[in-house]
Structures are given as C-alpha cells and as structure tokens.
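S.K.: See entry16.cif below, with mmCIF, C-alpha atoms.
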```cif
data_model
loop_
_atom_site.label_atom_id
_atom_site.label_comp_id
_atom_site.auth_asym_id
_atom_site.auth_seq_id
_atom_site.Cartn_x
_atom_site.Cartn_y
_atom_site.Cartn_z
CA MET A 167 25.00 -44.29 21.81
CA LYS A 168 28.60 -43.34 22.39
CA THR A 169 29.17 -43.41 18.64
CA LEU A 170 26.21 -41.20 18.10
CA ASN A 171 27.34 -38.73 20.76
CA SER A 172 30.83 -38.55 19.38
CA LYS A 173 29.49 -37.94 15.93
CA LEU A 174 26.89 -35.42 17.00
CA PRO A 175 28.91 -32.35 15.97
CA PHE A 176 29.34 -33.98 12.56
CA TYR A 177 25.57 -34.52 12.22
CA VAL A 178 24.85 -31.00 13.31
CA LEU A 179 27.36 -29.68 10.79
CA MET A 180 25.89 -31.91 8.08
CA ALA A 181 22.39 -30.78 8.96
CA ALA A 182 23.44 -27.17 8.81
CA LEU A 183 25.14 -27.74 5.47
CA MET A 184 22.10 -29.58 4.13
CA GLY A 185 19.87 -26.78 5.30
CA ALA A 186 22.12 -24.31 3.61
CA SER A 187 22.38 -26.31 0.44
CA ALA A 188 18.58 -26.50 0.25
CA GLN A 189 18.56 -22.72 0.19
CA PRO A 190 19.86 -20.39 -2.49
CA VAL A 191 23.22 -18.72 -2.15
CA ILE A 192 22.70 -15.47 -0.33
CA ALA A 193 20.74 -12.79 -2.04
CA GLN A 194 21.54 -10.06 -4.40
CA SER A 195 22.21 -11.98 -7.55
CA ASP A 196 20.22 -10.42 -10.38
CA ALA A 197 17.78 -13.33 -10.24
CA ASP A 198 17.22 -12.91 -6.50
CA LEU A 199 16.75 -9.20 -6.74
CA TYR A 200 14.81 -8.75 -9.92
CA GLY A 201 13.90 -12.25 -10.99
CA ASP A 202 10.19 -12.39 -10.31
CA ASP A 203 7.00 -10.55 -9.98
CA VAL A 204 7.84 -6.86 -9.83
CA VAL A 205 5.69 -5.00 -12.30
CA THR A 206 8.12 -4.21 -15.04
CA ALA A 207 9.39 -0.84 -16.05
CA GLY A 208 7.18 1.33 -18.17
CA ALA A 209 4.24 -1.02 -17.66
CA VAL A 210 1.94 1.98 -17.44
CA ASP A 211 1.23 3.37 -20.88
CA ASP A 212 1.78 7.12 -20.53
CA PRO A 213 2.08 8.77 -23.95
CA LEU A 214 0.57 12.01 -22.63
CA GLU A 215 3.09 12.33 -19.80
CA SER A 216 3.99 15.97 -20.44
CA ILE A 217 0.34 17.10 -20.42
CA ASN A 218 -0.46 14.81 -17.49
CA ARG A 219 2.38 16.25 -15.43
CA VAL A 220 1.07 19.79 -15.94
CA THR A 221 -2.46 18.72 -14.93
CA PHE A 222 -0.97 16.87 -11.95
CA SER A 223 0.80 20.05 -10.78
CA VAL A 224 -2.36 22.14 -11.15
CA ASN A 225 -4.40 19.52 -9.27
CA ASP A 226 -1.74 19.33 -6.58
CA PHE A 227 -1.95 23.07 -6.06
CA ILE A 228 -5.75 22.98 -5.88
CA TYR A 229 -5.83 19.96 -3.55
CA LEU A 230 -3.39 21.48 -1.10
CA ASN A 231 -4.58 25.09 -1.28
CA VAL A 232 -8.33 24.72 -1.74
CA PHE A 233 -9.50 21.21 -0.89
CA GLU A 234 -7.24 20.66 2.10
CA PRO A 235 -8.24 23.85 3.97
CA VAL A 236 -11.89 23.04 3.24
CA ALA A 237 -11.39 19.46 4.41
CA ASP A 238 -9.58 20.66 7.55
CA ALA A 239 -12.33 23.16 8.35
CA TYR A 240 -14.99 20.52 7.75
CA THR A 241 -13.20 18.04 10.01
CA PHE A 242 -12.69 20.71 12.68
CA ILE A 243 -16.31 21.94 12.68
CA THR A 244 -18.06 18.63 12.25
CA PRO A 245 -18.21 16.11 15.09
CA ASP A 246 -16.91 12.68 14.06
CA PRO A 247 -20.33 10.94 14.13
CA VAL A 248 -21.81 13.63 11.86
CA GLU A 249 -18.85 13.31 9.50
CA GLU A 250 -19.31 9.55 9.40
CA GLY A 251 -23.07 9.90 8.92
CA ALA A 252 -22.63 12.29 5.98
CA THR A 253 -20.14 9.93 4.31
CA ASN A 254 -22.55 7.03 4.82
CA PHE A 255 -25.45 9.03 3.39
CA PHE A 256 -23.67 9.84 0.13
CA ARG A 257 -22.28 6.34 -0.15
CA ASN A 258 -25.76 4.91 0.22
CA LEU A 259 -27.09 7.20 -2.52
CA LYS A 260 -24.59 5.72 -4.98
CA TYR A 261 -26.09 2.26 -4.60
CA PRO A 262 -27.38 2.21 -8.23
CA VAL A 263 -23.78 2.53 -9.52
CA ARG A 264 -22.62 -0.42 -7.41
CA LEU A 265 -25.70 -2.48 -8.29
CA ALA A 266 -25.26 -1.89 -12.02
CA ALA A 267 -21.52 -2.67 -11.81
CA ASN A 268 -22.15 -5.94 -9.96
CA LEU A 269 -24.90 -7.03 -12.36
CA LEU A 270 -22.88 -6.16 -15.45
CA GLN A 271 -20.05 -8.36 -14.17
CA GLY A 272 -22.46 -11.19 -13.36
CA ARG A 273 -21.73 -10.80 -9.66
CA PHE A 274 -25.19 -11.64 -8.47
CA ASP A 275 -24.03 -12.28 -4.90
CA GLY A 276 -22.54 -8.79 -4.82
CA ALA A 277 -25.73 -7.28 -6.28
CA TRP A 278 -27.77 -9.08 -3.61
CA VAL A 279 -25.52 -7.84 -0.79
CA GLU A 280 -25.58 -4.26 -2.11
CA THR A 281 -29.38 -4.37 -2.45
CA GLY A 282 -29.80 -5.78 1.04
CA ARG A 283 -27.47 -3.17 2.49
CA PHE A 284 -29.30 -0.38 0.67
CA ALA A 285 -32.69 -1.61 1.93
CA ILE A 286 -31.53 -2.03 5.54
CA ASN A 287 -29.48 1.18 5.71
CA THR A 288 -32.14 3.31 4.00
CA THR A 289 -34.93 2.13 6.30
CA PHE A 290 -33.40 1.29 9.68
CA GLY A 291 -30.39 3.52 9.10
CA VAL A 292 -32.38 6.73 8.54
CA ALA A 293 -31.80 7.25 4.80
CA GLY A 294 -28.35 5.71 5.00
CA VAL A 295 -26.91 7.97 7.70
CA PHE A 296 -26.29 4.90 9.85
CA THR A 297 -25.17 1.50 8.62
CA PRO A 298 -27.02 -1.15 10.66
CA ALA A 299 -26.41 -3.60 7.79
CA ASP A 300 -22.77 -3.85 8.93
CA SER A 301 -23.88 -6.10 11.76
CA VAL A 302 -26.37 -8.18 9.78
CA ASP A 303 -25.00 -11.58 8.79
CA GLY A 304 -24.40 -11.79 5.06
CA PHE A 305 -24.73 -8.05 4.51
CA GLU A 306 -21.37 -6.84 5.76
CA PRO A 307 -19.65 -4.21 3.55
CA ILE A 308 -18.10 -5.46 0.31
CA PRO A 309 -15.65 -3.63 -1.96
CA ALA A 310 -17.46 -1.04 -4.08
CA GLU A 311 -17.72 -1.86 -7.79
CA ASP A 312 -17.92 0.71 -10.57
CA ILE A 313 -18.35 0.75 -14.34
CA GLY A 314 -14.61 1.12 -14.95
CA GLN A 315 -14.16 -2.22 -13.21
CA VAL A 316 -16.92 -3.68 -15.40
CA LEU A 317 -15.05 -2.61 -18.53
CA GLY A 318 -11.85 -4.08 -17.10
CA ALA A 319 -13.60 -7.35 -16.30
CA TRP A 320 -14.91 -7.43 -19.89
CA GLY A 321 -11.34 -7.30 -21.12
CA VAL A 322 -11.06 -3.63 -22.01
CA SER A 323 -7.42 -2.65 -21.48
CA ASP A 324 -6.35 0.38 -19.44
CA GLY A 325 -5.53 2.58 -22.42
CA PRO A 326 -3.27 5.58 -21.93
CA TYR A 327 -2.84 6.92 -18.42
CA LEU A 328 -4.65 10.21 -17.85
CA VAL A 329 -4.66 12.84 -15.15
CA LEU A 330 -8.07 14.48 -15.16
CA PRO A 331 -8.51 18.07 -13.99
CA LEU A 332 -9.62 17.98 -10.34
CA LEU A 333 -10.50 14.28 -10.47
CA GLY A 334 -6.89 13.14 -10.62
CA PRO A 335 -5.46 9.82 -11.86
CA SER A 336 -7.41 7.79 -14.40
CA ASN A 337 -7.00 6.09 -17.77
CA LEU A 338 -9.01 5.91 -20.95
CA ARG A 339 -10.98 2.86 -19.77
CA ASP A 340 -11.81 4.39 -16.40
CA LEU A 341 -12.77 7.68 -18.05
CA GLY A 342 -15.35 5.68 -20.03
CA GLY A 343 -16.37 4.05 -16.76
CA LEU A 344 -16.80 7.44 -15.16
CA VAL A 345 -19.28 8.41 -17.89
CA GLY A 346 -21.12 5.14 -17.16
CA ASP A 347 -21.08 5.84 -13.41
CA ARG A 348 -22.65 9.23 -13.99
CA ALA A 349 -25.34 7.69 -16.16
CA VAL A 350 -26.55 5.56 -13.26
CA ASP A 351 -25.72 8.01 -10.46
CA PRO A 352 -29.01 9.34 -9.05
CA LEU A 353 -27.38 12.71 -8.39
CA SER A 354 -26.03 13.21 -11.91
CA GLN A 355 -27.42 13.67 -15.37
CA PRO A 356 -29.07 12.23 -17.42
CA PHE A 357 -31.27 10.31 -14.97
CA ALA A 358 -30.85 12.51 -11.92
CA VAL A 359 -33.59 12.15 -9.32
CA ASN A 360 -32.97 15.75 -8.31
CA GLU A 361 -33.39 17.13 -11.83
CA SER A 362 -36.49 19.04 -10.84
CA TRP A 363 -34.61 20.75 -8.00
CA ASN A 364 -33.27 24.23 -8.55
CA TRP A 365 -29.59 24.56 -9.34
CA GLU A 366 -28.68 25.93 -5.90
CA TRP A 367 -29.88 22.75 -4.20
CA ARG A 368 -28.16 20.50 -6.73
CA LEU A 369 -24.93 22.43 -6.40
CA ALA A 370 -25.16 22.32 -2.61
CA LEU A 371 -25.71 18.56 -2.67
CA SER A 372 -22.81 17.94 -5.04
CA ALA A 373 -20.54 20.26 -3.05
CA THR A 374 -21.45 18.50 0.18
CA ASP A 375 -20.66 15.16 -1.46
CA VAL A 376 -17.20 16.44 -2.44
CA ILE A 377 -16.54 18.01 0.97
CA THR A 378 -17.54 14.90 2.93
CA SER A 379 -15.23 12.69 0.91
CA SER A 380 -12.32 15.13 0.69
CA PRO A 381 -10.71 14.57 4.14
CA THR A 382 -10.12 10.88 3.41
CA ILE A 383 -9.01 11.51 -0.17
CA ILE A 384 -6.64 14.33 0.81
CA GLU A 385 -5.18 12.23 3.64
CA ARG A 386 -4.53 9.30 1.27
CA TYR A 387 -3.14 11.64 -1.37
CA LYS A 388 -0.70 13.18 1.09
CA GLN A 389 0.36 9.77 2.40
CA LEU A 390 1.11 8.47 -1.07
CA LYS A 391 2.89 11.68 -1.98
CA GLY A 392 4.80 11.89 1.31
CA GLY A 393 7.49 9.28 0.80
CA SER A 394 7.71 9.66 -2.97
CA ILE A 395 10.77 10.53 -4.96
CA ASP A 396 8.54 11.47 -7.89
CA PRO A 397 4.92 11.93 -6.72
CA TYR A 398 3.59 11.88 -10.30
CA SER A 399 5.17 8.49 -11.05
CA SER A 400 4.16 7.16 -7.66
CA MET A 401 0.52 8.15 -8.20
CA LYS A 402 0.52 6.73 -11.74
CA ASN A 403 1.85 3.39 -10.58
CA GLY A 404 -0.23 3.28 -7.38
CA TYR A 405 -3.45 4.04 -9.24
CA THR A 406 -2.77 1.44 -11.92
CA GLN A 407 -1.85 -1.29 -9.43
CA PHE A 408 -4.89 -0.52 -7.29
CA ARG A 409 -7.34 -0.54 -10.18
CA ASN A 410 -5.92 -3.72 -11.69
CA ALA A 411 -6.25 -5.46 -8.33
CA ALA A 412 -9.82 -4.19 -7.92
CA ILE A 413 -10.71 -5.61 -11.35
CA LYS A 414 -9.15 -8.98 -10.54
CA GLU A 415 -10.70 -9.21 -7.07
CA MET B 158 23.12 -50.14 8.92
CA LYS B 159 25.04 -47.45 10.80
CA LYS B 160 25.65 -45.65 7.52
CA ILE B 161 21.98 -45.78 6.60
CA PHE B 162 21.09 -44.46 10.05
CA SER B 163 23.64 -41.64 9.68
CA VAL B 164 22.29 -40.62 6.31
CA PHE B 165 18.70 -40.80 7.62
CA LEU B 166 19.61 -38.64 10.60
CA CYS B 167 21.30 -36.11 8.35
CA VAL B 168 18.21 -35.92 6.16
CA VAL B 169 15.89 -35.53 9.16
CA LEU B 170 18.06 -32.89 10.80
CA GLY B 171 18.53 -31.07 7.52
CA PHE B 172 14.81 -31.12 6.78
CA SER B 173 13.96 -29.96 10.29
CA SER B 174 16.34 -27.02 9.94
CA VAL B 175 14.52 -26.00 6.75
CA LEU B 176 11.18 -26.38 8.55
CA ALA B 177 12.43 -24.33 11.45
CA ALA B 178 13.43 -21.59 9.01
CA ALA B 179 9.91 -21.72 7.60
CA THR B 180 8.18 -21.28 10.95
CA LYS B 181 10.27 -18.40 12.23
CA PRO B 182 9.66 -15.56 9.75
CA ALA B 183 6.16 -14.63 10.96
CA ASP B 184 7.34 -14.42 14.57
CA LYS B 185 10.36 -12.38 13.59
CA LEU B 186 8.22 -10.04 11.51
CA MET B 187 5.68 -9.60 14.32
CA GLN B 188 8.46 -8.79 16.78
CA THR B 189 9.98 -6.27 14.38
CA VAL B 190 6.68 -4.53 13.57
CA ARG B 191 5.58 -4.40 17.20
CA GLY B 192 9.07 -3.45 18.37
CA ALA B 193 9.11 -0.50 15.97
CA LEU B 194 5.70 0.64 17.23
CA ASP B 195 6.94 0.33 20.82
CA LEU B 196 9.82 2.63 19.94
CA VAL B 197 7.43 5.19 18.49
CA TYR B 198 4.61 4.95 21.04
CA GLY B 199 6.04 3.10 24.04
CA ASP B 200 6.87 4.57 27.42
CA CYS B 201 10.51 3.65 26.83
CA CYS B 202 11.12 6.50 24.47
CA VAL B 203 8.88 9.35 25.61
CA GLU B 204 11.89 11.53 26.37
CA SER B 205 13.78 10.62 23.19
CA THR B 206 14.23 13.06 20.35
CA ILE B 207 12.70 12.30 16.97
CA GLU B 208 16.18 11.68 15.52
CA HIS B 209 16.94 9.20 18.30
CA LYS B 210 13.66 7.39 17.77
CA GLN B 211 14.29 7.22 14.03
CA ALA B 212 17.77 5.85 14.65
CA LYS B 213 16.40 3.19 17.01
CA VAL B 214 13.69 2.13 14.55
CA ARG B 215 16.23 1.89 11.76
CA GLU B 216 18.57 -0.12 13.98
CA LEU B 217 15.74 -2.51 14.83
CA ILE B 218 14.74 -3.01 11.20
CA GLU B 219 18.32 -3.45 10.07
CA SER B 220 19.06 -5.95 12.82
CA ASN B 221 16.28 -8.16 11.42
CA TYR B 222 16.17 -7.43 7.69
CA ASP B 223 18.49 -6.31 4.97
CA MET B 224 16.89 -3.09 3.73
CA THR B 225 19.35 -3.14 0.84
CA ILE B 226 17.40 -5.99 -0.76
CA LEU B 227 14.16 -3.98 -0.83
CA ILE B 228 15.93 -0.89 -2.11
CA ARG B 229 17.92 -2.69 -4.78
CA ARG B 230 14.81 -4.47 -5.99
CA ALA B 231 13.13 -1.08 -6.25
CA ILE B 232 16.03 0.48 -8.13
CA GLY B 233 16.20 -2.53 -10.42
CA ARG B 234 18.60 -2.45 -13.32
CA ASN B 235 19.05 1.29 -12.90
CA TRP B 236 21.53 0.27 -10.18
CA ASN B 237 24.17 -0.25 -12.85
CA LYS B 238 23.71 3.28 -14.17
CA MET B 239 25.29 4.67 -10.98
CA SER B 240 28.90 4.70 -9.81
CA ALA B 241 29.82 2.73 -6.68
CA ASP B 242 29.95 5.95 -4.70
CA GLU B 243 26.52 7.02 -5.95
CA GLN B 244 25.11 3.57 -5.18
CA ALA B 245 26.28 3.83 -1.56
CA GLN B 246 24.88 7.35 -1.19
CA VAL B 247 21.54 6.43 -2.73
CA LEU B 248 21.22 3.39 -0.45
CA GLU B 249 21.87 5.50 2.63
CA LEU B 250 19.51 8.32 1.58
CA VAL B 251 16.67 5.96 0.66
CA LYS B 252 17.01 4.20 4.02
CA GLN B 253 16.67 7.57 5.75
CA LEU B 254 13.69 8.43 3.54
CA VAL B 255 11.94 5.13 4.33
CA VAL B 256 12.28 5.68 8.09
CA LYS B 257 11.13 9.29 7.76
CA ALA B 258 8.10 8.19 5.70
CA TYR B 259 7.28 5.63 8.43
CA PHE B 260 7.23 8.37 11.08
CA LYS B 261 5.29 10.75 8.82
CA GLY B 262 2.68 8.05 8.24
CA LEU B 263 2.08 7.72 11.97
CA GLU B 264 2.24 11.44 12.75
CA GLY B 265 -0.69 12.57 14.89
CA LYS B 266 -2.21 9.11 14.92
CA SER B 267 -2.84 6.76 17.80
CA ARG B 268 -0.94 3.49 17.92
CA PRO B 269 -2.22 1.23 15.13
CA GLU B 270 -3.44 -2.26 15.90
CA VAL B 271 -1.64 -4.87 13.85
CA THR B 272 -2.86 -8.43 13.42
CA PHE B 273 -1.12 -11.11 11.42
CA ASP B 274 -2.86 -13.89 9.51
CA THR B 275 -1.60 -17.33 8.63
CA THR B 276 1.59 -17.40 6.57
CA LEU B 277 1.02 -18.46 2.98
CA GLN B 278 3.67 -20.74 1.46
CA VAL B 279 3.98 -19.62 -2.17
CA SER B 280 6.93 -21.90 -2.97
CA SER B 281 9.84 -23.43 -1.12
CA LYS B 282 11.63 -20.07 -1.31
CA ARG B 283 8.72 -17.66 -1.11
CA ILE B 284 6.18 -16.91 1.59
CA GLU B 285 3.61 -14.19 2.13
CA ILE B 286 2.46 -12.94 5.52
CA PRO B 287 -0.86 -11.10 5.38
CA SER B 288 -1.69 -8.59 8.07
CA THR B 289 -4.25 -5.95 8.87
CA VAL B 290 -3.26 -2.58 10.26
CA VAL B 291 -6.07 -0.60 11.86
CA LEU B 292 -4.96 3.02 11.71
CA ASP B 293 -7.38 5.57 13.14
CA GLY B 294 -10.20 3.07 12.84
CA GLU B 295 -9.51 2.32 9.20
CA PRO B 296 -8.32 -1.17 8.33
CA ILE B 297 -5.47 -1.39 5.82
CA ARG B 298 -4.40 -4.72 4.34
CA VAL B 299 -0.65 -5.14 4.30
CA LEU B 300 1.07 -8.15 2.78
CA TYR B 301 4.71 -8.89 3.59
CA ARG B 302 6.45 -10.89 0.87
CA MET B 303 9.53 -12.80 1.90
CA GLY B 304 12.15 -14.84 0.16
CA LEU B 305 14.55 -17.41 1.51
CA MET B 306 17.97 -15.95 0.86
CA GLY B 307 20.82 -17.91 2.32
CA ALA B 308 19.76 -19.00 5.79
CA ASP B 309 17.37 -16.10 6.35
CA TRP B 310 13.93 -15.10 5.27
CA GLN B 311 14.32 -11.63 3.87
CA LEU B 312 11.63 -9.09 3.23
CA PHE B 313 11.55 -8.40 -0.50
CA ASP B 314 8.30 -6.50 -0.92
CA ILE B 315 5.49 -4.93 1.06
CA VAL B 316 2.09 -4.67 -0.56
CA ALA B 317 -0.30 -2.18 1.03
CA GLU B 318 -3.89 -2.31 -0.25
CA HIS B 319 -2.75 -4.06 -3.43
CA VAL B 320 -0.01 -1.52 -4.12
CA SER B 321 3.45 -3.06 -4.14
CA VAL B 322 5.93 -0.68 -2.59
CA VAL B 323 8.80 -2.11 -4.65
CA SER B 324 6.88 -1.79 -7.90
CA ASN B 325 5.81 1.73 -7.01
CA TYR B 326 9.38 2.86 -6.32
CA ARG B 327 10.62 0.95 -9.38
CA GLN B 328 8.31 3.11 -11.51
CA GLN B 329 9.69 6.25 -9.87
CA PHE B 330 13.31 5.19 -10.38
CA ASP B 331 12.63 4.13 -13.97
CA ASP B 332 10.97 7.45 -14.78
CA HIS B 333 13.88 9.27 -13.16
CA PHE B 334 16.62 7.38 -15.00
CA ARG B 335 14.89 7.80 -18.38
CA LYS B 336 15.79 11.49 -18.22
CA GLU B 337 18.34 11.96 -15.46
CA ASN B 338 21.28 10.32 -13.71
CA GLY B 339 22.50 9.15 -10.31
CA ALA B 340 23.83 12.55 -9.27
CA ALA B 341 20.44 14.16 -9.92
CA LEU B 342 18.79 11.39 -7.90
CA ILE B 343 21.07 12.09 -4.94
CA THR B 344 20.23 15.81 -5.10
CA LYS B 345 16.53 14.98 -5.25
CA LEU B 346 16.76 12.60 -2.28
CA GLU B 347 18.71 15.13 -0.21
CA GLU B 348 16.10 17.80 -0.96
CA LEU B 349 13.31 15.42 0.02
CA LEU B 350 14.97 14.71 3.34
CA LYS B 351 15.42 18.41 4.08
CA LYS B 352 11.90 19.31 2.96
CA ASP B 353 8.98 18.72 5.26
CA LYS B 354 11.19 17.92 8.24
CA LEU B 355 9.68 16.00 11.12
CA ASP B 356 8.57 18.28 13.91
CA GLU B 357 10.46 17.72 17.16
CA ASN B 358 7.22 18.19 19.09
CA ILE B 359 5.41 15.73 16.89
CA GLU B 360 2.72 13.80 18.76
CA PHE B 361 1.95 10.19 18.07
#
```
Do you think you could lay out the structure here as structure tokens?

M.R.:
Amino acid sequence: MKTLNSKLPFYVLMAALMGASAQPVIAQSDADLYGDDVVTAGAVDDPLESINRVTFSVNDFIYLNVFEPVADAYTFITPDPVEEGATNFFRNLKYPVRLAANLLQGRFDGAWVETGRFAINTTFGVAGVFTPADSVDGFEPIPAEDIGQVLGAWGVSDGPYLVLPLLGPSNLRDLGGLVGDRAVDPLSQPFAVNESWNWEWRLALSATDVITSSPTIIERYKQLKGGSIDPYSSMKNGYTQFRNAAIKE
Amino acid sequence: MKKIFSVFLCVVLGFSSVLAAATKPADKLMQTVRGALDLVYGDCCVESTIEHKQAKVRELIESNYDMTILIRRAIGRNWNKMSADEQAQVLELVKQLVVKAYFKGLEGKSRPEVTFDTTLQVSSKRIEIPSTVVLDGEPIRVLYRMGLMGADWQLFDIVAEHVSVVSNYRQQFDDHFRKENGAALITKLEELLKKDKLDENIEF
C-alpha cells in the first residue's frame, strides 16, 4: 500500500498523459477545423446569382415595407387565439397537398396521420379552427410534406437556385413542386373548390391566407437576416439545407 | 506482478479520464446555455446596461468554449486570404456580431425553455447534444456538435432546425471572398455592428 501511495502521483500523471494521448493534439489544425462534414463551398448551384440578387432586393423591400406592416397590424388587431385559429384553418384546408405528397412518397403512415388529423380537426375542431387531434394518440402533428419533397425523394436534384418574386427562395425542383402543390390545393386552380365563387371572395380568401401566415414568415425571415454578413447567401444556404433535410427526414 | 498491476492501473485511470471527459460536455453546455439566459433574463442583471450584459454573456461563453474554433470553421480556407492583422480583426468583429445576434434573437421575447436530450456519441472524438428551445411557444430543435480537441470538448457547430450555422456562414464567407477581400469584410462587419443597434431600453 505504501508503494502504491508513493507512486500515486506517477499514476495520476500517467493517467493524465494517457488521457491526453488518447485525444488529438489541440484544435485548429486544418483537419480539426475543416476536416469533416461542413457543406462545402459553392455547394448551392447558383448560375442566376445576379438576377436572383435583384429579385432578393425587391422582395426584401416588399417584405419589410408591405408585408411587415400588414403582419404587425394583423398581430396587433387580432387576439392570439383568433390568429392561431386562422392559421389552423388554412393549414387544415391544405390537407390534400400533404396527403398527395405522403402517398407519392409511399409514406402510408404519414397519409393515415394526415387523414385522421383532417377528419378530427374538421369535425370536432370546427372546420379546422381548433386542433383537437393534437391530443389524440397517434395523430399528433407531423412535419408537412409537399410535392417538392416528393420530387426530391424520387431523386430529382435541386437544379439551379432561384429567388421567386414575392415567394422568395426556391430552386428548379421546388418550383416544379409548387406547380404540383397548386394542382392539388383546393384553393387554387385547376381543381379549386371555390371556382364557382366570385373573384372578390377568392381574392379575399387568398389574401387572408397570406396575411395569417405572414407574421411567422416575416419573423423567421428577419431572424435569419439579422445576424447575416450577406443575407442573400445566408438565405440561399439556409433554404437549401432546410429543404435537403426535409427530403431526407 | 507489481508491473502488471501498475500498467493495469494506468490503463484504468487513463480510460476513466477519457470517460469523465465524455460525461462532462452536456453538463457544461447546459450550464453555459442556462447561465447566458440568466444573464439576459435573471434578476442579477436587471440594472445592467445592454453592453454590460453582452460583455458578461461573451465572457461566460469564452470561459467555456473557444469561439475561435466555430468562427475559423465558418471562414474555412478563406482564412489564409487575410493578413494576420485582418484575421485578428475579423475574429473580434464576428464574436461581437454573434453576441449581438443572440440578444437580437431574444429581443421582446420571454425567457425560452431549454431542454437537453441524451448525448449521442458519433465517434470517439465527436458527440452531438440535441436540445429543444421553446421560444414564444414555438419549439425549435437545436443540435450542438462537439469535438474532442486536446483535453476539452469544444463546440464546433450548432444546427438549428437542420440549418448548420457553420455551413451557413461558410457560404457567406465563400461568396464574399469570391469577389472581395479581407479589408472589405472588415468594413462590412463594422457596418453591420453599427447598423440596427440594440436598444438600451430593450425588454426581454
């Protein structure tokens, strides 16, 4: 025991050295800093950068000078429960898009959950204003699928990065997906359920849809833009990472 | 026999020190995240100025993690396109920008609830700590990616809702250095820090 005690500092030193030797030499070698999984430079294909940047600037102006005041006024006037109810209502209406996207990816579980949620929220939730399905076992919210994700899951690559007027970041694949979304969206052509309505009602419904979703979108937009050195690049990269993860998920 | 025992003890002690290093990072991260929120929202700092709070938050982060690692990973190989003086200036300005962005993100919001999940061991030198931040009722998934560098687990990336912060900034730096240089970056960073200043009467 005496031997052990007298050698204890040695053991501790050895242990420390062994611990250290099991670990890499401190940081900041090229391999430590850049060696692994950072998405590499120029990974986003952006051949239309100059046009995209102009569209981005125009959108930025419109978001901050038109959409944001509207969103602020809407948030100020509307009590939180009404705001939430309106968002739920429009989300519920887009069930066909999510159903189609789940089915086209062979996600039958997802299609079942979306269908169950639609049935429960439309009936017990007063046309989707409330979301009682949230507390029903097996019908909790799942990430929303869209046709762009379907195309991605089928192996269609992103294509060139695009900034769409008003709609913001996208790419060629997701632009195709957007056309698909509209085809199954009950509020849009060609299969719109409100086709027989007069244009004032249709416009009002579409405008309300945009207004209800704008506070969240504007808030996220400003957050992403806030700490950016180059907001255009940040948005391009953020959008691409987010969409790729949504496709993989 | 004594020799065998000595070697065995060394191995056990050495292994246990590695294990200890592997169990600490989540606790350290939790303390840092919650400590920073205490500095922003806690009673301790009600009378403090925004600058003082920012300085305290930065001090806390830097006492636990080397922000330089995150920033250099974000700058990537563009680092070598700058002079030593520019490198030092960029590091300092980006650190200020990160802290400012943290305060801006919390501006006008009630204290977020942060919960940490089980640490995922990716490899012997890599771990990931998933967490959920509930900010104004909205849950945000945040993943902290750490690497064993020397004796410490260092933060090398933060992934919020599938968007890697390092990758996002790398894109911005790459796009910048394709057309411009370090001096222009410094000017841009200085302008960003001046623009949209934090309000002294900001409420959290």

S.K.: Can you tell me which residues surround Ile343 (chain B) at a distance of at most 8 Å, considering only C-alpha atoms, apart from same-chain residues fewer than 5 positions away, and format the answer as a list in words?

M.R.: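 Answer for this query is Glu243, Gln246, Val247 and Leu250 of chain B.
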
S.K.: Please produce an output containing C-alpha atoms for each residue in the selection, written as a PDB file, in the frame of the given file.

M.R.:
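Output file selection_19.pdb follows:
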```pdb
ATOM      1  CA  GLU B 243      26.520   7.020  -5.950  1.00  0.00           C
ATOM      2  CA  GLN B 246      24.880   7.350  -1.190  1.00  0.00           C
ATOM      3  CA  VAL B 247      21.540   6.430  -2.730  1.00  0.00           C
ATOM      4  CA  LEU B 250      19.510   8.320   1.580  1.00  0.00           C
TER       5      LEU B 250
END
```

S.K.: Which residues come within 10 Å of Gly294 (chain B), counting only C-alpha atoms, excluding same-chain residues fewer than 2 positions away, as number ranges by chain?

M.R.: B: 267, 269-270, 290-292, 296-297

S.K.: What's the 8 Å shell around Val255 (chain B), counting all atoms listed in the file, without same-chain residues fewer than 4 positions away, as an NGL selection string?

M.R.: (:A and (393)) or (:B and (251 or 259))

S.K.: With all atoms listed in the file as the counted atoms, please give the residues lying no more than 8 Å from Leu248 (chain B), apart from itself and same-chain residues fewer than 3 positions off, as a count of residues only.

M.R.: 6

S.K.: Compile the contact shell of Gly291 (chain A) as number ranges by chain: residues with an atom at most 12 Å away, counting only C-alpha atoms, same-chain residues fewer than 5 positions apart removed.

M.R.: A: 251, 254-255, 258, 283-286, 296-301

S.K.: From the options A:Asp312, A:Glu415, A:Asp275, A:Glu280, which residue's atoms come nearest to Gly346 (chain A), counting only C-alpha atoms?

M.R.: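 Going through A:Asp312, A:Glu415, A:Asp275, A:Glu280 one by one, the smallest distance to Gly346 (chain A) is for A:Asp312.
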
S.K.: Evaluated on this file, the PyMOL selection byres ((chain A and resi 265) around 9) picks out some residues - which ones are they, written as a ChimeraX atom specification?

M.R.: /A:260-264,266-270,276-278,280-281,311-312

S.K.: Interatomic distance between CA of Leu317 (chain A) and CA of Val299 (chain B)?

M.R.: 27.1 Å

S.K.: Enter the distance from CA of Thr272 (chain B) to CA of Arg298 (chain B), in Å, rounded to one decimal.

M.R.: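 If I compute the distance from CA of Thr272 (chain B) to CA of Arg298 (chain B), I get 9.9 Å.
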